[in-house]
Structure formats: C-alpha cells, structure tokens
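Chemist: The following file, start.txt, comprises compact mmCIF, C-alpha atoms:
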# COMPACT_ATOMS: atom_id res chain seq x y z
CA MET A 30 -0.55 16.62 -31.69
CA ASP A 31 0.75 18.93 -34.42
CA THR A 32 4.21 19.76 -33.07
CA ASP A 33 5.15 21.77 -36.17
CA ARG A 34 2.23 24.12 -35.53
CA ILE A 35 3.19 24.43 -31.86
CA VAL A 36 6.79 25.31 -32.77
CA THR A 37 5.67 27.91 -35.30
CA ARG A 38 3.20 29.60 -32.97
CA LEU A 39 5.46 29.41 -29.90
CA THR A 40 8.31 31.02 -31.84
CA ALA A 41 6.01 33.82 -33.00
CA LEU A 42 4.55 34.39 -29.53
CA THR A 43 8.02 34.45 -27.98
CA ARG A 44 8.94 37.24 -30.40
CA ASP A 45 5.64 39.09 -30.00
CA HIS A 46 5.90 39.14 -26.19
CA LEU A 47 9.62 40.02 -26.22
CA VAL A 48 10.48 36.97 -24.11
CA PRO A 49 14.21 36.12 -24.44
CA GLY A 50 13.76 32.38 -23.97
CA VAL A 51 11.20 29.60 -23.47
CA GLN A 52 11.15 25.86 -22.90
CA ILE A 53 8.16 23.63 -23.56
CA ALA A 54 7.86 19.94 -22.68
CA VAL A 55 4.86 17.68 -23.28
CA HIS A 56 4.44 14.08 -22.15
CA ARG A 57 1.67 12.30 -24.02
CA GLY A 58 1.00 8.77 -25.09
CA GLY A 59 4.09 7.38 -23.40
CA SER A 60 6.68 9.78 -24.86
CA THR A 61 7.99 13.27 -24.09
CA TRP A 62 8.42 16.00 -26.70
CA THR A 63 10.45 19.14 -26.00
CA HIS A 64 11.30 22.37 -27.78
CA GLU A 65 13.30 25.44 -26.79
CA VAL A 66 13.64 29.00 -28.08
CA GLY A 67 16.64 30.93 -26.78
CA LEU A 68 17.32 28.61 -23.81
CA PRO A 69 19.18 25.30 -23.40
CA ALA A 70 16.91 22.34 -22.71
CA GLU A 71 18.50 21.61 -19.32
CA ALA A 72 18.62 25.21 -18.06
CA ALA A 73 17.00 25.77 -14.64
CA VAL A 74 14.41 28.58 -14.80
CA PRO A 75 13.08 30.09 -11.53
CA ILE A 76 9.59 28.59 -11.27
CA GLY A 77 8.23 30.81 -8.50
CA SER A 78 5.10 29.47 -6.85
CA ILE A 79 5.21 26.08 -8.59
CA THR A 80 7.66 25.48 -5.71
CA LYS A 81 4.59 25.32 -3.45
CA THR A 82 3.53 22.09 -5.15
CA PHE A 83 6.94 20.59 -4.31
CA THR A 84 6.49 21.68 -0.68
CA ALA A 85 2.97 20.24 -0.64
CA THR A 86 4.18 16.93 -2.10
CA ILE A 87 6.76 16.52 0.67
CA ALA A 88 4.08 17.25 3.27
CA MET A 89 1.77 14.65 1.72
CA ALA A 90 4.61 12.11 1.66
CA LEU A 91 4.95 12.69 5.41
CA VAL A 92 1.19 12.19 5.76
CA SER A 93 1.55 8.90 3.87
CA ASP A 94 4.27 7.83 6.31
CA GLY A 95 2.19 8.78 9.36
CA ASP A 96 4.54 11.58 10.44
CA LEU A 97 1.91 14.27 9.84
CA ALA A 98 -1.89 14.28 9.83
CA LEU A 99 -4.06 16.45 7.60
CA ASP A 100 -6.64 17.38 10.22
CA ALA A 101 -4.71 17.35 13.50
CA PRO A 102 -4.19 20.78 15.08
CA LEU A 103 -0.87 22.24 13.95
CA SER A 104 -0.39 23.40 17.53
CA ASP A 105 0.46 19.74 18.31
CA HIS A 106 3.76 20.39 16.47
CA LEU A 107 4.05 24.17 16.63
CA PRO A 108 2.65 25.75 19.81
CA VAL A 109 2.70 29.25 18.30
CA VAL A 110 -0.06 28.31 15.83
CA ALA A 111 -3.63 29.32 16.69
CA ASP A 112 -6.12 26.62 17.61
CA GLY A 113 -8.12 25.16 14.74
CA LEU A 114 -5.51 25.59 11.99
CA THR A 115 -4.56 22.34 10.23
CA LEU A 116 -2.25 21.14 7.48
CA ARG A 117 -5.28 20.68 5.21
CA HIS A 118 -6.07 24.38 5.64
CA LEU A 119 -2.53 25.42 4.77
CA LEU A 120 -2.25 23.18 1.71
CA SER A 121 -5.56 24.46 0.29
CA HIS A 122 -5.05 28.16 1.22
CA THR A 123 -8.16 28.04 3.42
CA GLY A 124 -6.42 28.88 6.71
CA GLY A 125 -7.36 32.57 6.65
CA LEU A 126 -3.71 33.63 6.63
CA PRO A 127 -2.62 36.77 4.74
CA SER A 128 -0.11 36.42 1.92
CA ASP A 129 3.13 37.46 3.62
CA PRO A 130 4.70 40.27 5.66
CA ASP A 131 6.52 43.12 3.93
CA ASP A 132 9.15 43.40 6.64
CA VAL A 133 11.20 40.20 6.81
CA ARG A 134 13.60 40.46 9.74
CA ALA A 135 14.09 36.81 10.68
CA THR A 136 17.03 34.72 9.48
CA SER A 137 15.51 31.28 10.07
CA LEU A 138 12.31 29.76 8.75
CA GLY A 139 11.02 29.06 12.26
CA ARG A 140 11.53 32.64 13.43
CA HIS A 141 10.01 33.95 10.20
CA VAL A 142 6.71 32.11 10.64
CA ARG A 143 6.53 32.88 14.37
CA GLN A 144 7.00 36.59 13.63
CA ALA A 145 4.34 36.49 10.90
CA LEU A 146 1.80 34.65 13.05
CA ARG A 147 2.29 37.19 15.85
CA GLU A 148 1.99 40.28 13.65
CA LEU A 149 -0.41 39.43 10.79
CA HIS A 150 -4.16 39.54 11.34
CA PRO A 151 -6.25 36.60 10.04
CA LEU A 152 -8.68 37.29 7.20
CA HIS A 153 -11.29 34.76 8.35
CA ARG A 154 -11.58 31.68 10.55
CA PRO A 155 -9.81 28.52 9.28
CA GLY A 156 -11.80 26.69 6.63
CA ALA A 157 -14.23 29.54 5.91
CA GLY A 158 -12.76 30.76 2.60
CA PHE A 159 -9.79 30.88 0.23
CA SER A 160 -6.93 33.35 0.25
CA TYR A 161 -3.66 32.52 -1.46
CA SER A 162 -0.93 32.64 1.19
CA ASN A 163 2.85 32.54 0.87
CA ILE A 164 3.33 32.58 4.64
CA GLY A 165 1.07 29.53 4.87
CA TYR A 166 3.53 27.60 2.72
CA CYS A 167 6.47 28.88 4.74
CA LEU A 168 4.65 27.44 7.74
CA ILE A 169 4.35 24.09 5.92
CA GLY A 170 8.09 24.29 5.21
CA HIS A 171 8.83 24.76 8.90
CA LEU A 172 6.46 21.90 9.76
CA ILE A 173 8.49 19.70 7.38
CA GLU A 174 11.66 20.73 9.22
CA VAL A 175 10.13 19.83 12.58
CA ALA A 176 8.83 16.47 11.31
CA THR A 177 12.01 15.39 9.47
CA GLY A 178 14.84 17.02 11.39
CA MET A 179 16.13 18.33 8.03
CA SER A 180 16.08 21.82 6.59
CA TRP A 181 13.40 22.42 3.97
CA SER A 182 15.96 22.35 1.15
CA GLU A 183 17.48 19.10 2.45
CA ALA A 184 14.02 17.57 2.52
CA VAL A 185 13.37 18.68 -1.08
CA GLU A 186 16.62 17.03 -2.17
CA ALA A 187 16.02 13.80 -0.24
CA VAL A 188 12.29 13.30 -0.83
CA LEU A 189 11.87 14.63 -4.38
CA LEU A 190 14.89 15.70 -6.39
CA ARG A 191 17.08 12.63 -5.97
CA PRO A 192 14.29 10.00 -6.24
CA LEU A 193 12.91 11.67 -9.38
CA GLY A 194 16.32 12.43 -10.89
CA LEU A 195 15.54 16.14 -11.18
CA HIS A 196 18.24 18.76 -11.76
CA ALA A 197 16.33 21.56 -10.02
CA ARG A 198 18.25 24.25 -8.15
CA PHE A 199 17.53 26.76 -5.39
CA THR A 200 17.40 30.43 -6.33
CA THR A 201 18.29 31.42 -2.77
CA SER A 202 21.64 29.62 -2.92
CA PRO A 203 24.43 32.11 -3.75
CA ASP A 204 26.29 29.63 -5.97
CA SER A 205 23.21 28.34 -7.79
CA ALA A 206 23.37 28.59 -11.60
CA VAL A 207 19.85 29.59 -12.66
CA VAL A 208 18.47 31.32 -15.73
CA THR A 209 18.33 35.12 -15.52
CA GLY A 210 14.85 36.63 -15.59
CA HIS A 211 13.96 39.76 -17.57
CA ALA A 212 11.64 42.68 -16.93
CA VAL A 213 9.84 43.36 -20.21
CA ASN A 214 8.10 46.63 -21.06
CA PRO A 215 5.86 45.92 -24.06
CA ALA A 216 5.13 49.60 -24.62
CA THR A 217 8.77 50.64 -25.03
CA GLY A 218 10.25 47.31 -26.14
CA ARG A 219 12.76 47.46 -23.29
CA VAL A 220 14.01 44.11 -21.91
CA VAL A 221 16.16 44.33 -18.77
CA PRO A 222 17.84 41.46 -16.86
CA VAL A 223 16.76 41.22 -13.20
CA ARG A 224 18.13 39.39 -10.15
CA GLN A 225 16.15 36.97 -8.06
CA SER A 226 15.22 38.67 -4.81
CA LEU A 227 13.32 36.04 -2.79
CA ALA A 228 14.47 35.93 0.83
CA PRO A 229 15.83 32.54 1.99
CA VAL A 230 13.13 32.33 4.69
CA ASP A 231 10.46 32.45 1.94
CA ALA A 232 12.04 29.53 0.06
CA PRO A 233 9.21 26.96 0.57
CA ALA A 234 6.85 29.32 -1.26
CA GLY A 235 8.96 29.99 -4.34
CA ALA A 236 12.70 29.26 -4.39
CA LEU A 237 13.07 26.42 -6.90
CA ALA A 238 14.39 26.66 -10.46
CA ALA A 239 13.79 23.84 -12.94
CA SER A 240 13.62 23.07 -16.64
CA ALA A 241 10.37 22.27 -18.43
CA THR A 242 11.58 18.67 -18.71
CA ASP A 243 12.08 18.53 -14.93
CA LEU A 244 8.55 19.82 -14.44
CA VAL A 245 7.15 17.13 -16.73
CA VAL A 246 8.89 14.39 -14.71
CA PHE A 247 7.49 15.90 -11.51
CA GLY A 248 4.05 16.27 -13.10
CA ARG A 249 4.01 12.64 -14.22
CA MET A 250 4.56 11.57 -10.60
CA LEU A 251 1.65 13.80 -9.53
CA GLY A 252 -0.46 12.08 -12.18
CA GLY A 253 0.30 8.66 -10.69
CA ALA A 254 3.34 7.47 -12.67
CA GLU A 255 6.33 5.72 -11.10
CA PRO A 256 8.13 6.27 -8.84
CA ARG A 257 5.26 6.52 -6.39
CA LEU A 258 6.48 8.75 -3.60
CA ILE A 259 3.05 9.22 -2.04
CA ASP A 260 0.36 6.69 -1.13
CA PRO A 261 -2.22 6.61 -3.98
CA GLY A 262 -4.97 7.67 -1.59
CA GLU A 263 -3.12 10.78 -0.45
CA LEU A 264 -2.10 11.55 -4.04
CA ALA A 265 -5.75 11.39 -5.11
CA LEU A 266 -6.64 13.80 -2.28
CA MET A 267 -4.18 16.35 -3.65
CA ARG A 268 -6.17 16.42 -6.89
CA GLU A 269 -9.65 16.69 -5.32
CA PRO A 270 -11.39 20.05 -4.72
CA VAL A 271 -11.39 21.26 -1.12
CA ARG A 272 -14.63 22.67 0.30
CA HIS A 273 -14.66 26.49 0.49
CA ALA A 274 -11.48 26.70 -1.60
CA GLU A 275 -12.70 29.16 -4.25
CA PRO A 276 -9.59 30.63 -5.91
CA PHE A 277 -11.47 33.20 -7.95
CA GLY A 278 -9.14 34.88 -10.43
CA MET A 279 -6.62 32.01 -10.36
CA ALA A 280 -8.20 28.62 -11.06
CA ASP A 281 -11.48 26.70 -11.13
CA GLY A 282 -10.80 25.04 -7.78
CA TRP A 283 -8.04 24.03 -5.39
CA GLY A 284 -6.89 20.75 -3.93
CA LEU A 285 -4.05 20.04 -1.51
CA GLY A 286 -1.18 21.95 -3.10
CA LEU A 287 -2.62 21.81 -6.61
CA ALA A 288 -4.80 24.20 -8.61
CA LEU A 289 -7.68 22.62 -10.54
CA PHE A 290 -8.58 23.55 -14.13
CA HIS A 291 -11.50 22.28 -16.22
CA ARG A 292 -11.86 21.77 -19.97
CA ASP A 293 -14.68 19.84 -21.65
CA GLY A 294 -15.51 17.94 -18.48
CA VAL A 295 -11.88 16.91 -17.86
CA ARG A 296 -10.07 18.02 -14.71
CA TRP A 297 -6.47 19.07 -15.05
CA VAL A 298 -4.28 19.93 -12.08
CA GLY A 299 -1.14 22.01 -11.81
CA HIS A 300 0.21 25.38 -10.76
CA ASP A 301 1.48 28.65 -12.19
CA GLY A 302 4.53 30.50 -10.91
CA THR A 303 6.19 33.85 -11.39
CA ALA A 304 9.60 34.81 -10.05
CA ASP A 305 11.64 37.95 -10.79
CA GLY A 306 11.35 38.23 -14.57
CA THR A 307 10.07 34.68 -15.17
CA SER A 308 6.71 32.95 -15.64
CA CYS A 309 6.23 29.16 -15.60
CA HIS A 310 3.23 26.85 -15.97
CA LEU A 311 2.48 23.19 -15.22
CA ARG A 312 -0.62 21.19 -16.18
CA VAL A 313 -1.32 17.49 -15.55
CA ASN A 314 -4.23 15.37 -16.80
CA PRO A 315 -4.34 12.42 -14.37
CA ALA A 316 -6.95 10.64 -16.51
CA ASP A 317 -4.62 10.00 -19.45
CA GLY A 318 -1.17 10.92 -18.08
CA THR A 319 -0.66 13.99 -20.27
CA VAL A 320 1.66 16.63 -18.78
CA VAL A 321 2.40 20.09 -20.22
CA ALA A 322 5.11 22.43 -18.89
CA LEU A 323 6.20 25.85 -20.11
CA THR A 324 9.03 27.96 -18.68
CA THR A 325 9.82 31.53 -19.77
CA ASN A 326 12.46 34.02 -18.68
CA GLY A 327 10.46 37.19 -19.34
CA SER A 328 7.92 39.01 -17.19
CA THR A 329 5.45 38.85 -20.11
CA GLY A 330 5.60 35.06 -20.04
CA PHE A 331 2.19 34.85 -18.36
CA ALA A 332 0.58 36.69 -21.26
CA LEU A 333 2.49 34.41 -23.65
CA TRP A 334 1.06 31.35 -21.87
CA ARG A 335 -2.47 32.74 -22.11
CA ASP A 336 -2.03 33.24 -25.85
CA LEU A 337 -0.38 29.83 -26.28
CA VAL A 338 -3.13 27.73 -24.65
CA PRO A 339 -5.67 28.14 -27.52
CA GLU A 340 -2.87 27.39 -29.98
CA LEU A 341 -2.09 24.15 -28.13
CA VAL A 342 -5.78 23.24 -28.22
CA ALA A 343 -5.92 23.93 -31.97
CA ALA A 344 -2.82 21.74 -32.41
CA GLY A 345 -4.58 18.78 -30.79
CA LEU A 346 -3.44 19.27 -27.19
CA PRO A 347 -6.59 20.25 -25.21
CA VAL A 348 -4.81 21.62 -22.13
CA ALA A 349 -6.96 23.40 -19.54
CA ASP A 350 -6.45 26.90 -18.22
CA TYR A 351 -8.47 29.37 -16.16
CA ASP A 352 -10.56 31.97 -17.96
CA GLY A 353 -12.18 34.41 -15.56
CA MET A 354 -13.47 36.56 -18.42
CA SER A 355 -15.85 33.90 -19.74
CA GLY A 356 -18.44 34.49 -17.01
CA LEU A 357 -18.73 38.25 -17.50
CA HIS A 358 -22.04 39.12 -19.18
CA HIS A 359 -24.10 41.97 -17.75
CA ARG A 360 -22.26 45.11 -16.68
CA ILE A 361 -23.65 46.94 -13.64
CA ALA A 362 -23.09 50.22 -11.82
CA PRO A 363 -20.85 49.74 -8.76
CA PRO A 364 -22.70 49.85 -5.42
CA PRO A 365 -21.46 52.69 -3.20
CA ASP A 366 -20.00 50.33 -0.60
CA CYS A 367 -17.46 48.98 -3.10
CA ALA A 368 -15.36 52.01 -2.25
CA GLY A 369 -13.06 51.80 0.76
CA ARG A 370 -9.80 50.40 2.05
CA PHE A 371 -9.08 46.69 2.31
CA ARG A 372 -6.06 44.96 3.82
CA ASN A 373 -4.23 41.66 3.38
CA GLY A 374 -1.38 41.55 5.88
CA ASP A 375 0.84 44.56 5.20
CA VAL A 376 -0.73 45.29 1.79
CA GLU A 377 -3.50 47.87 1.46
CA TYR A 378 -5.96 47.90 -1.44
CA ALA A 379 -7.91 51.15 -1.88
CA VAL A 380 -10.97 51.41 -4.13
CA ARG A 381 -12.60 54.68 -5.20
CA ALA A 382 -15.26 55.62 -7.72
CA VAL A 383 -14.02 57.21 -10.96
CA ASP A 384 -17.49 57.76 -12.43
CA ARG A 385 -20.85 55.99 -12.37
CA GLU A 386 -19.44 52.93 -14.17
CA ARG A 387 -15.79 52.58 -13.17
CA LEU A 388 -13.72 52.11 -10.04
CA ALA A 389 -10.02 52.77 -9.56
CA LEU A 390 -7.84 50.41 -7.53
CA THR A 391 -4.54 51.33 -5.89
CA VAL A 392 -2.22 48.95 -4.06
CA ASP A 393 -0.14 50.53 -1.31
CA GLY A 394 -0.91 53.91 -2.82
CA GLU A 395 0.23 53.06 -6.35
CA PRO A 396 -2.22 52.92 -9.30
CA PHE A 397 -2.97 49.28 -10.08
CA ALA A 398 -6.09 48.92 -12.26
CA ASP A 399 -9.43 50.34 -13.39
CA LEU A 400 -12.33 48.06 -12.49
CA SER A 401 -15.52 47.45 -14.49
CA LEU A 402 -18.22 45.68 -12.48
CA PHE A 403 -20.51 42.84 -13.65
CA ASP A 404 -23.23 40.66 -12.14
CA GLY A 405 -22.20 38.93 -8.94
CA LEU A 406 -19.87 41.81 -7.98
CA VAL A 407 -17.24 40.36 -10.34
CA PHE A 408 -14.97 42.88 -12.03
CA ALA A 409 -12.70 43.01 -15.05
CA MET A 410 -9.37 44.74 -14.44
CA ARG A 411 -7.59 47.09 -16.82
CA ASP A 412 -3.94 47.14 -15.74
CA SER A 413 -2.70 50.68 -15.09
CA ASP A 414 0.75 49.99 -16.59
CA THR A 415 0.11 47.68 -19.53
CA GLY A 416 -3.56 48.21 -20.33
CA ASP A 417 -4.12 44.43 -20.26
CA THR A 418 -7.71 43.40 -19.51
CA ASN A 419 -7.43 39.63 -19.02
CA GLN A 420 -7.59 39.57 -15.19
CA THR A 421 -10.69 39.42 -13.00
CA GLY A 422 -11.54 39.80 -9.33
CA ARG A 423 -14.60 40.20 -7.15
CA PHE A 424 -16.11 41.79 -4.09
CA LEU A 425 -17.64 39.54 -1.42
CA ARG A 426 -20.48 40.42 0.93
CA ASP A 427 -20.70 39.57 4.61
CA PRO A 428 -23.29 36.76 4.96
CA GLY A 429 -24.48 38.44 8.18
CA ASP A 430 -25.16 42.09 7.37
CA GLY A 431 -24.91 41.90 3.56
CA GLY A 432 -22.29 44.64 3.32
CA ILE A 433 -19.20 44.31 1.14
CA ARG A 434 -16.53 42.91 3.46
CA TRP A 435 -13.75 41.60 1.18
CA ILE A 436 -12.12 42.16 -2.18
CA GLN A 437 -10.46 39.17 -3.90
CA ILE A 438 -7.70 39.75 -6.46
CA GLY A 439 -5.35 37.09 -7.80
CA GLY A 440 -6.88 34.65 -5.34
CA ARG A 441 -5.94 36.85 -2.37
CA LEU A 442 -8.59 38.22 -0.05
CA ALA A 443 -8.30 41.66 1.51
CA ARG A 444 -10.59 42.57 4.40
CA ARG A 445 -12.35 45.94 4.68
CA GLN A 446 -10.76 48.30 7.18
CA VAL A 447 -13.17 49.93 9.60
CA PRO A 448 -12.21 53.55 10.27
CA THR A 449 -11.24 54.13 13.88
CA MET A 450 -13.13 56.76 15.85
CA SER A 451 -11.00 59.64 17.12
Would you mind writing the structure in this file as structure tokens?
Modeler:
Amino acid sequence: MDTDRIVTRLTALTRDHLVPGVQIAVHRGGSTWTHEVGLPAEAAVPIGSITKTFTATIAMALVSDGDLALDAPLSDHLPVVADGLTLRHLLSHTGGLPSDPDDVRATSLGRHVRQALRELHPLHRPGAGFSYSNIGYCLIGHLIEVATGMSWSEAVEAVLLRPLGLHARFTTSPDSAVVTGHAVNPATGRVVPVRQSLAPVDAPAGALAASATDLVVFGRMLGGAEPRLIDPGELALMREPVRHAEPFGMADGWGLGLALFHRDGVRWVGHDGTADGTSCHLRVNPADGTVVALTTNGSTGFALWRDLVPELVAAGLPVADYDGMSGLHHRIAPPPDCAGRFRNGDVEYAVRAVDRERLALTVDGEPFADLSLFDGLVFAMRDSDTGDTNQTGRFLRDPGDGGIRWIQIGGRLARRQVPTMS
C-alpha cells in the first residue's frame, strides 16, 4: 500500500471538495495506519447511519445470548408491532417500514416507535422488498431496551464501547464534545458550520460520533478479530446477503445490519453515514482482515469518498464501493406511467415529464433532480442544486398488473399514490 500516494491524493481531494477536516485509518496485514488533515486523530466525528451497525451488533449479541430470536414475531416482545414482522426484517430493511415520520412528538424511544407504527403506512408486506428505514432501527433500539432493561445508550456503552475500548460519543448528549460539521456549497465556495439536529428518540439510527481509528477497531471485530462479542455463526449471518434485500442505489446487497460491496469477486461489508455536515465510511474485508475508515466534517465528504476510492485502489488498497452508474447502457424514453406521486411515510416524491427524454423529480414540492431513464427502468439523477450525476435510482413494476408501483431512491421505496375519487 502506497501511503505517500494516499496522503498526497487525500490532501488534494480535501482541498478540492472544500472539506475542513478528514481522518483516514486502515488496518492491513496486522497493523493500523492513520492520517489526518485538519482534525486531531482522536476527534469524534458524527458518523450518522454507521450508528445502525452498532445497534445491529448489540441486537445480534442478544441473539447470541438467546435473549432475542431473528425470526420470532416481534409482537412477542412489543404488542404494538404488526404480525409477521421480525428482527431479521428490521436488520435487513426488508420489513416494509417507511423511513421515519416528519413530526416527532414523543420524548421516549418507546412512545416514538409506537406513534410511528400507528401513523405510518407500510410500503409492502414484511420480507417482500428492501426499503431503508430509520424508524426500523429505532424499533430495534427499543427492542434492545426491552430485552436488556437498559436504555439504548447504556447498552451501547456496556456491550460495545467499553469492551472494545472505543472513545465514541453521543451527538444527542448536550455535553458531548463532537466535531462540528460543515455545510459546503461547491458553487460559491461557502463553508458554514452546522449543529447536529438529530432528535434523541432517533438515536439508534444515527447518534454516534467516532474517530476513524475507533471505526477500524469496531470494523475489525465485525471481521472476526478479538474480542469476539458475537457468536461466530451470528457474526457470519450479519455478512451474508438477505433474500429480497436489494438496496439499489446504495450497495450491492444487504446483510443483517451491514451493507455488502463487491470488487473482483471479493465481498466487503460496511456502512456509510451522513450527519449534519459530515460524511463517514466504513469498509471491512472479512477474508483478509483489512478495514478502511474515512471520516469527514463537510457535507461534500461523500463526493470526496467517491473520488478517493479509485485512488486507494491505485495505491494498492482494493477497497470496494457501490457504483450504480456502471450498469447504465441503453437510454430509453420514459413510459408515461413513470409520472405521478409516490410516498414514503411523510415524504412525497413527485415525478413529471420534462420532455420526451427527461423526467423531473421533486421531494415535498422542492426540486430534487432531473432523471434520465435507461433499460430496466433505472435512472441517472442530475442533482438540482449541485449538478452532480453520480446517483441512480429506479422504478419498479407491480408483478400483478405490470404498472409502475414504486420508485426507489437512495435505497428508499416510495409507493404510488392512487388519486381519491371526489
């Protein structure tokens, strides 16, 4: 691994993307290498949805201990849950739950999930598809509370942070010292500090802050290194693809709490996470124990990561990442039934035709992207604000009548709304 090349390219990319600070940590061949630009090595960066992997790991530790079961009805523990929903569904985002409610009124995790389950409409029956769900992970967090008698944060401390020696913090704690995120506008060059805004009841889905070195230690455990906090069988299950878990636009597959990425026949696992003004990335190769972690405190950190991955490969570190653009070949004219309104929980996606070749997408009435359609009803997205074109999504047809029933963006499904008759 050519660390000099990595340092040179990472420094340049940090400048090019106007990111104030980054941390990178790589464990390979029995040793860990780290480098920082603009941030201390031990600084805790809000890691957003990588928190979900911590929540999933605690749940799988409870499965190992016999306190929870992957395929038992969740209604055995939580009567408010609909029949048929299981922990396996929640961990793999195949439960049919929307992402999360806009209106968070509850002050406890239990009340939050009960409110959401009462008010949000399922996207499909459990196990029938994939839709990335924050509320599903809040439900796992509450299940952990019920099973352990601890709060979710207490369980994180007891089961993971202390045994692994991690210095992670909680962004929802008022006295927590975490790195400040930044909103970056590439067009104007403006970089503005932003506060973390995640509600405490959403903590199991995204409230942790950690350094890249912390993430490498955590990733090594997920790869099978000591200390072994989960039975090897359950740990292996976390890294295996789940049937019907097709996270189009996010990853090549999904396990139990872990995204799956492929490169040259090798399966890597991990997760990406964005918080307010941060973007962080974790990749683990269980076959050889390699772990790669990147933390950034700028909203353009995701674009930085995408540009960094080929540089890491060229430097002798063949890390895997998702590339939805690689399968786009033959452009097609959009079928008329692409247009319409689709809903995921409280979020509405509206699609309309711009001309014979392009569609326009709005989210809750705000311009979001122009869509160009390809074979398989897959589309490339041109971001309305930045002009970026590195994201993809797709339309999905109903297997019964053949009509377009869903749109999938960023792994989230939105179901077509049928106009009501007056």
Chemist: Report as a ChimeraX atom specification all protein, DNA and RNA residues lying within 6 Å of stretch 322-337 of chain A, evaluated on all atoms listed in the file, omitting residues in the same chain fewer than 6 positions from it.
Modeler: /A:48,50-54,210-213,241,306-311
Chemist: Go through A:His153, A:Ala72, A:Val338, A:Gly158 and flag the residue nearest A:Leu42, using all atoms listed in the file for the distances.
Modeler: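 Distance minimum relative to A:Leu42 lands on A:Val338.
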Chemist: Do you know which residues are at most 10 Å from A:Asp94 counting all atoms listed in the file, after dropping those on the same chain fewer than 5 positions away, and could you put them as number ranges by chain?
Modeler: A: 88-89, 259-260
Chemist: Those selected residues, please, written with C-alpha atoms and delivered as a PDB file, in the coordinates of the input.
Modeler:
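Listing of part_39.pdb after writing:
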ATOM      1  CA  ALA A  88       4.080  17.250   3.270  1.00  0.00           C
ATOM      2  CA  MET A  89       1.770  14.650   1.720  1.00  0.00           C
ATOM      3  CA  ILE A 259       3.050   9.220  -2.040  1.00  0.00           C
ATOM      4  CA  ASP A 260       0.360   6.690  -1.130  1.00  0.00           C
TER       5      ASP A 260
END
Chemist: What's the separation between atom CA of A:His358 and atom CA of A:Ile436, in Å to one decimal place?
Modeler: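 Separating atom CA of A:His358 from atom CA of A:Ile436 is a distance of 19.9 Å.
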Chemist: Considering all atoms listed in the file, can you say which of A:Leu152, A:Ala362, A:Val342, A:Met179 comes closest to A:Ile35?
Modeler: A:Val342
Chemist: If we count only C-alpha atoms and set the cut-off at 12 Å, which residues sit around A:Pro203, ignoring sequence neighbours fewer than 3 positions away in its own chain? Please answer as a PyMOL selection string.
Modeler: chain A and resi 198-200+206-207+224-229
Chemist: Could you name the residues that touch A:Arg134 at 9 Å or less, counting all atoms listed in the file, but leaving out those on the same chain fewer than 5 positions away, as a PyMOL selection string?
Modeler: chain A and resi 140-141+144
Chemist: Under the rule that all atoms listed in the file are counted, which of A:Ser121, A:Asn314, A:Thr415, A:Gln437 is the nearest residue to A:Gly165?
Modeler: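 Under the stated criterion, the closest residue is A:Ser121.
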Chemist: With all atoms listed in the file as the counted atoms, please give the residues lying no more than 8 Å from stretch 402-407 of chain A, apart from itself and same-chain residues fewer than 6 positions off, as an mmCIF file with C-alpha atoms, in the coordinates of the input.
Modeler:
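After the write, out15.cif holds the following:
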data_model
loop_
_atom_site.group_PDB
_atom_site.id
_atom_site.type_symbol
_atom_site.label_atom_id
_atom_site.label_comp_id
_atom_site.auth_asym_id
_atom_site.auth_seq_id
_atom_site.Cartn_x
_atom_site.Cartn_y
_atom_site.Cartn_z
ATOM 1 C CA LEU A 357 -18.730 38.250 -17.500
ATOM 2 C CA HIS A 358 -22.040 39.120 -19.180
ATOM 3 C CA HIS A 359 -24.100 41.970 -17.750
ATOM 4 C CA ARG A 360 -22.260 45.110 -16.680
ATOM 5 C CA ILE A 361 -23.650 46.940 -13.640
ATOM 6 C CA ALA A 362 -23.090 50.220 -11.820
ATOM 7 C CA PRO A 363 -20.850 49.740 -8.760
ATOM 8 C CA GLU A 386 -19.440 52.930 -14.170
ATOM 9 C CA ARG A 387 -15.790 52.580 -13.170
ATOM 10 C CA THR A 421 -10.690 39.420 -13.000
ATOM 11 C CA GLY A 422 -11.540 39.800 -9.330
ATOM 12 C CA ARG A 423 -14.600 40.200 -7.150
ATOM 13 C CA PHE A 424 -16.110 41.790 -4.090
ATOM 14 C CA LEU A 425 -17.640 39.540 -1.420
#
Chemist: For each of A:Ala85, A:Val133, A:Leu99, A:Ala368, take the minimum atom-to-atom distance to A:Gly432, counting all atoms listed in the file, then give the residue where this is smallest.
Modeler: A:Ala368
Chemist: Please determine an axis-aligned box that encloses all atoms of stretch 233-238 of chain A listed in the file, with 3 Å added on each side, and express its centre and edge lengths in Å to one decimal as JSON.
Modeler:
{"center_x": 10.6, "center_y": 28.2, "center_z": -4.9, "size_x": 13.5, "size_y": 9.6, "size_z": 17.0}
Chemist: Quick one: pull the distance between atom CA of A:Ala41 and atom CA of A:Ser78, Å, one decimal.
Modeler: 26.5 Å
Chemist: Quick one: contact table of stretch 126-174 of chain A to stretch 269-278 of chain A, 9 Å max, nearest atom pair and distance in Å to one decimal per residue, counting all atoms listed in the file, chain and number order, as CSV?
Modeler:
residue,atom,partner,partner_atom,distance
A:Gly156,CA,A:His273,CA,6.8
A:Ala157,CA,A:His273,CA,6.2
A:Gly158,CA,A:His273,CA,5.1
A:Phe159,CA,A:Ala274,CA,4.9
A:Ser160,CA,A:Pro276,CA,7.2
A:Tyr161,CA,A:Pro276,CA,7.7
Chemist: Determine the nearest neighbour of A:Thr37 from the options A:Asp281, A:Asp129, A:Glu340, A:Glu71, counting all atoms listed in the file.
Modeler: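 Answer, going by the shortest atom-to-atom distance: A:Glu340.
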Chemist: Expressed in Å to a single decimal, how great is the separation between atom CA of A:Gln446 and atom CA of A:Asp393?
Modeler: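 We find that atom CA of A:Gln446 and atom CA of A:Asp393 lie 13.8 Å from each other.
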Chemist: From the options A:Ala265, A:Arg385, A:Arg257, A:Met410, which residue's atoms come nearest to A:Phe397, counting all atoms listed in the file?
Modeler: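 Among the listed residues, A:Met410 lies closest to A:Phe397.
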Chemist: Show me the residues close to (12.9, 18.2, -5.2) - anything with an atom within 10 Å, counting only C-alpha atoms - and format the list as a CSV table (one decimal) with C-alpha atoms, keeping the file's coordinate frame.
Modeler:
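To be explicit, this is the file written out as part-v8.csv:
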chain,number,residue,atom,x,y,z
A,80,THR,CA,7.7,25.5,-5.7
A,83,PHE,CA,6.9,20.6,-4.3
A,84,THR,CA,6.5,21.7,-0.7
A,86,THR,CA,4.2,16.9,-2.1
A,87,ILE,CA,6.8,16.5,0.7
A,182,SER,CA,16.0,22.4,1.2
A,183,GLU,CA,17.5,19.1,2.4
A,184,ALA,CA,14.0,17.6,2.5
A,185,VAL,CA,13.4,18.7,-1.1
A,186,GLU,CA,16.6,17.0,-2.2
A,187,ALA,CA,16.0,13.8,-0.2
A,188,VAL,CA,12.3,13.3,-0.8
A,189,LEU,CA,11.9,14.6,-4.4
A,190,LEU,CA,14.9,15.7,-6.4
A,191,ARG,CA,17.1,12.6,-6.0
A,192,PRO,CA,14.3,10.0,-6.2
A,193,LEU,CA,12.9,11.7,-9.4
A,194,GLY,CA,16.3,12.4,-10.9
A,195,LEU,CA,15.5,16.1,-11.2
A,196,HIS,CA,18.2,18.8,-11.8
A,197,ALA,CA,16.3,21.6,-10.0
A,198,ARG,CA,18.2,24.2,-8.2
A,199,PHE,CA,17.5,26.8,-5.4
A,237,LEU,CA,13.1,26.4,-6.9
A,239,ALA,CA,13.8,23.8,-12.9
A,243,ASP,CA,12.1,18.5,-14.9
A,247,PHE,CA,7.5,15.9,-11.5
